[in-house]
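Let me begin by presenting the structure, written as structure tokens, before commenting on it.
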Amino acid sequence: MTVPSASSPSGRATTGSVLTRTRAVAAAAALTVAGGAAAVAITTSSPAAAEPGDVVVSENFSSGALPAGWNAVDGAWKVENGRLYGTSASASANNKITFGRHLNDFRFEATMRFESVSAATRWASLGIDVPADGATPWWIATMRSGTTAANGLEFAQRTTANAWVVTNTASAPYAAGTGRDVRVAVEVHGSQARWIFDGREMMRTSSLQRSTDGVQALFVNGGTVSYDDVVVTELPPNGYIRPEGSPFTVIAHRGASAAAPENTLVAQEIARRGGADWIENDVQPSKDGVPFILHDDTVDRTTDGTGKIRSLTAAQIKALDAGSWFAPQYVGERVPTLAEQLADLRTRGGNLLLEIKGKHTKDEVATIIQVIRDEQMMGRVFVQSFEVDALRYTYELAPELPLGLLRSSLDADPVAISKELHLTAYNPDGNALLAKPEVIAPLHDAGVAVMAWTMDSAGLWQRLERIGTDAIITNRAAELVGWNSAFTQRASAEPTVEIASPADGARLDRAQSPVIAVAATNAETVTVTLDGKKSAAGRKLDLAKLTAGRHTVTAEVTGPEGTATATSTFTVTVSQAGLGYLILTSGADPSAVDTMAVKLAHGQYAQLASWVDRQAGRTVPAEVASVIAADARTLALR
């Protein structure tokens, strides 16, 4: 599951070039409310609660001392030259400094620099959930000096037994090395987080086990690391809006339904191992009121039995074979109860997008919610349904559960019904969404995510990404996970432009003839102006016709991913050689050229200017005469 950035770190500007994004970026939003986790047994005071958007910590270490409230638990920590330095004497010393407050939904960012390391495997970390006294267990987002290794980036837990549990690994596009500033960030929403390396999402996790009072921390292992510009920002707790530049949230439709019998625990396991962010399944009650995971209103298609699910008891349903219809290796798979599915997710990891299938009474919805509560999964379940009443009942009984409205066709006003039903997401058929993509922006403006179903091809995924869809419900979750991986590693599709000539800051005399040279990528159109008037790339500049002084070339390019502009300002200088070039190429009568050349050679600049003024339009063409006279007067004043 993705979480949005508080800023747009992937946008970049260089001297003379500014990139302008045209895709609307939704307001910062979150992923899920907190899920899982045992509390850490330490007591801290309860500061005033932060609000979404509040900057809880902002430290640039300009005071020259450790900030108030920062607790150097172990290792050597000092503030020097406007940075915080942490030193760990050995690879076995996980030294840390704690600070901040407990937050469920937040962005934690810092500039990190390895000053020295004992080996490229040594690391530094952002502490995501760490007891204030540094005791285990704690969770960290780690970066090694050798960041391009397969485990150059990690999400990991240090357990109470002082063992490591590494839940996710990834490699960065380049090595942090030593002496190099790297801007890193982690965005956390309950049990979920994403790792951001120099503005690009590198990996996600849904396996955090959160405490009730853990704070933030910085770690160093086997070296000296410096930190600067540490910022912790509270994020909104609801919403699933995909930040620009981040890949889709991957939702496995009925589990890994292309590889295993749908809505079974084995399909759930395969989807989990394939990297799906969420498992999507359907829930319906048995005759005796037990919620089961089944899509159809009968058991005929996906089991060896017959009959409507609501006419069969739990015992009868549990006796059915739900795997042999799909493939021989799945003989004996059973229809899971909702409780069994949630228990599996709780203990083995994962999150559930639960569709309440068909008409349900309020009491039946209450039973579903009670099972979710009993399994301690309220923070890791998202409820969706085609049935408006089911969503109304869910909100009435458990307003903390996020809600999604499934639609085969779009409502006349998706924002209005989203507000009416207290939706976190609006979940239409993907083809209907592609036919009317303009509904996404107002939904995002209202803080509502868009999850499209059921889309199974790379071509459709690409189209849905371009229009700003947040999540995809798919039968091919593993393939979409791979597509996402390629998406994060792709070269930027944003247009870029650079003016290679005339170079910015160049000083040119009249004898030079630069050509406007523009280098652009991912551009469909290129517009060039000189001093605000239309020009063109490849045009040779006639400096004999420009006034002395500063001139500006501007290039603007547009492409599918936005616009980019670049400027180059050059100066036409006045010199004796340049004035000689003007005279020789002026097209004046030969006798006039001789007269001007003699005056130039003798440094008679004022007389030259006056003479040319008199001859303008006669023996000297008027247009060039004014330039020659102006340059001569400039030289006369030196």
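Chain labels follow the order of the structure tokens: the first chain is A, the next B, and so on; residue numbering restarts at 1 in every chain, and ligands are counted from 1 in their shown order.
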
(request) List every residue of region 248-494 of chain A that DSSP, applied to the backbone, labels as strand (DSSP E), and write the result as a ChimeraX atom specification. (result) /A:249-253,278-285,291-293,352-356,381-385,403-407,425-428,449-452,471-474

Store the residues of this selection in a file with C-alpha atoms, as a PDB file, in the first residue's frame.
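again15.pdb written:
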```pdb
ATOM      1  CA  THR A 249      -1.382  -0.410  -4.405  1.00  0.00           C
ATOM      2  CA  VAL A 250      -1.703  -4.065  -5.451  1.00  0.00           C
ATOM      3  CA  ILE A 251      -4.910  -5.815  -4.397  1.00  0.00           C
ATOM      4  CA  ALA A 252      -5.098  -9.549  -5.112  1.00  0.00           C
ATOM      5  CA  HIS A 253      -8.616 -10.317  -6.351  1.00  0.00           C
ATOM      6  CA  TRP A 278      -3.910  -6.394   0.096  1.00  0.00           C
ATOM      7  CA  ILE A 279      -5.970  -9.551  -0.271  1.00  0.00           C
ATOM      8  CA  GLU A 280      -9.485  -8.991  -1.625  1.00  0.00           C
ATOM      9  CA  ASN A 281     -12.102 -11.564  -0.634  1.00  0.00           C
ATOM     10  CA  ASP A 282     -15.872 -11.902  -0.325  1.00  0.00           C
ATOM     11  CA  VAL A 283     -17.840 -12.690   2.818  1.00  0.00           C
ATOM     12  CA  GLN A 284     -21.312 -14.262   3.189  1.00  0.00           C
ATOM     13  CA  PRO A 285     -23.060 -16.023   6.087  1.00  0.00           C
ATOM     14  CA  PRO A 291     -19.311 -15.609   7.953  1.00  0.00           C
ATOM     15  CA  PHE A 292     -17.538 -17.602   5.202  1.00  0.00           C
ATOM     16  CA  ILE A 293     -15.227 -16.505   2.409  1.00  0.00           C
ATOM     17  CA  LEU A 352      -7.831  -7.596   3.881  1.00  0.00           C
ATOM     18  CA  LEU A 353     -10.061  -5.722   1.461  1.00  0.00           C
ATOM     19  CA  LEU A 354     -13.301  -7.413   2.477  1.00  0.00           C
ATOM     20  CA  GLU A 355     -16.315  -7.286   0.209  1.00  0.00           C
ATOM     21  CA  ILE A 356     -19.640  -7.763   1.923  1.00  0.00           C
ATOM     22  CA  VAL A 381      -9.369  -4.508   7.234  1.00  0.00           C
ATOM     23  CA  PHE A 382     -10.971  -2.302   4.600  1.00  0.00           C
ATOM     24  CA  VAL A 383     -14.663  -2.963   3.895  1.00  0.00           C
ATOM     25  CA  GLN A 384     -16.180  -2.556   0.449  1.00  0.00           C
ATOM     26  CA  SER A 385     -19.525  -3.458  -1.068  1.00  0.00           C
ATOM     27  CA  LEU A 403     -15.156   2.018   3.425  1.00  0.00           C
ATOM     28  CA  GLY A 404     -15.205   1.594  -0.348  1.00  0.00           C
ATOM     29  CA  LEU A 405     -18.198   1.701  -2.676  1.00  0.00           C
ATOM     30  CA  LEU A 406     -18.064  -0.745  -5.587  1.00  0.00           C
ATOM     31  CA  ARG A 407     -19.651   0.443  -8.816  1.00  0.00           C
ATOM     32  CA  ALA A 425     -12.300   4.969  -1.547  1.00  0.00           C
ATOM     33  CA  TYR A 426     -14.528   4.960  -4.600  1.00  0.00           C
ATOM     34  CA  ASN A 427     -14.072   1.617  -6.399  1.00  0.00           C
ATOM     35  CA  PRO A 428     -15.416   1.525  -9.956  1.00  0.00           C
ATOM     36  CA  ALA A 449      -8.942   7.312  -3.228  1.00  0.00           C
ATOM     37  CA  VAL A 450      -9.857   5.455  -6.428  1.00  0.00           C
ATOM     38  CA  MET A 451      -9.467   1.658  -6.647  1.00  0.00           C
ATOM     39  CA  ALA A 452     -10.221   0.126 -10.047  1.00  0.00           C
ATOM     40  CA  ALA A 471      -5.004   0.982  -6.535  1.00  0.00           C
ATOM     41  CA  ILE A 472      -5.705  -1.948  -8.832  1.00  0.00           C
ATOM     42  CA  ILE A 473      -7.771  -4.982  -7.920  1.00  0.00           C
ATOM     43  CA  THR A 474      -6.410  -7.733 -10.152  1.00  0.00           C
TER      44      THR A 474
END
```

(message) For Ala523 (chain A), find every residue with an atom within 12 Å (counting only C-alpha atoms), except residues of its own chain fewer than 2 positions away, and show them as a list in words.
(response)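 My list of contacting residues is Ala493, Glu494, Pro495, Thr496, Val497, Glu498, Val518, Ala519, Ala520, Thr521, Thr525, Val526, Thr527, Ala555, Glu556, Val557, Thr558, Gly559, Pro560, Glu561, Gly562, Thr563, Ala564 and Thr565 of chain A.
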
(message) Can you tell me which residues surround Ala446 (chain A) at a distance of at most 7 Å, considering only C-alpha atoms, apart from same-chain residues fewer than 3 positions away, and format the answer as an MDAnalysis selection string?
(response) chainID A and resid 415 442:443

(request) Mind the document's chain letters and residue numbers, and return as a ChimeraX atom specification the residues of region 201-406 of chain A that DSSP labels helix (DSSP H, G or I). (result) /A:265-273,309-311,314-318,328-330,338-348,362-374,378-380,388-397

(message) Just want the 6 Å neighbourhood of region 224-237 of chain A, counted on only C-alpha atoms, with same-chain residues fewer than 4 positions away dropped. Output as a list in words.
(response)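 The residues satisfying every condition are Ala29, Ala30, Val33, Pro52, Gly53, Asp54, Val55, Val56, Val57, Ser58, Glu59, Asn60, Arg83, Leu84, Tyr85, Gly86, Thr87, Asp105, Phe106, Arg107, Phe108, Glu109, Ala110, Thr111, Met112, Arg113, Phe114, Glu115 and Ser116 of chain A.
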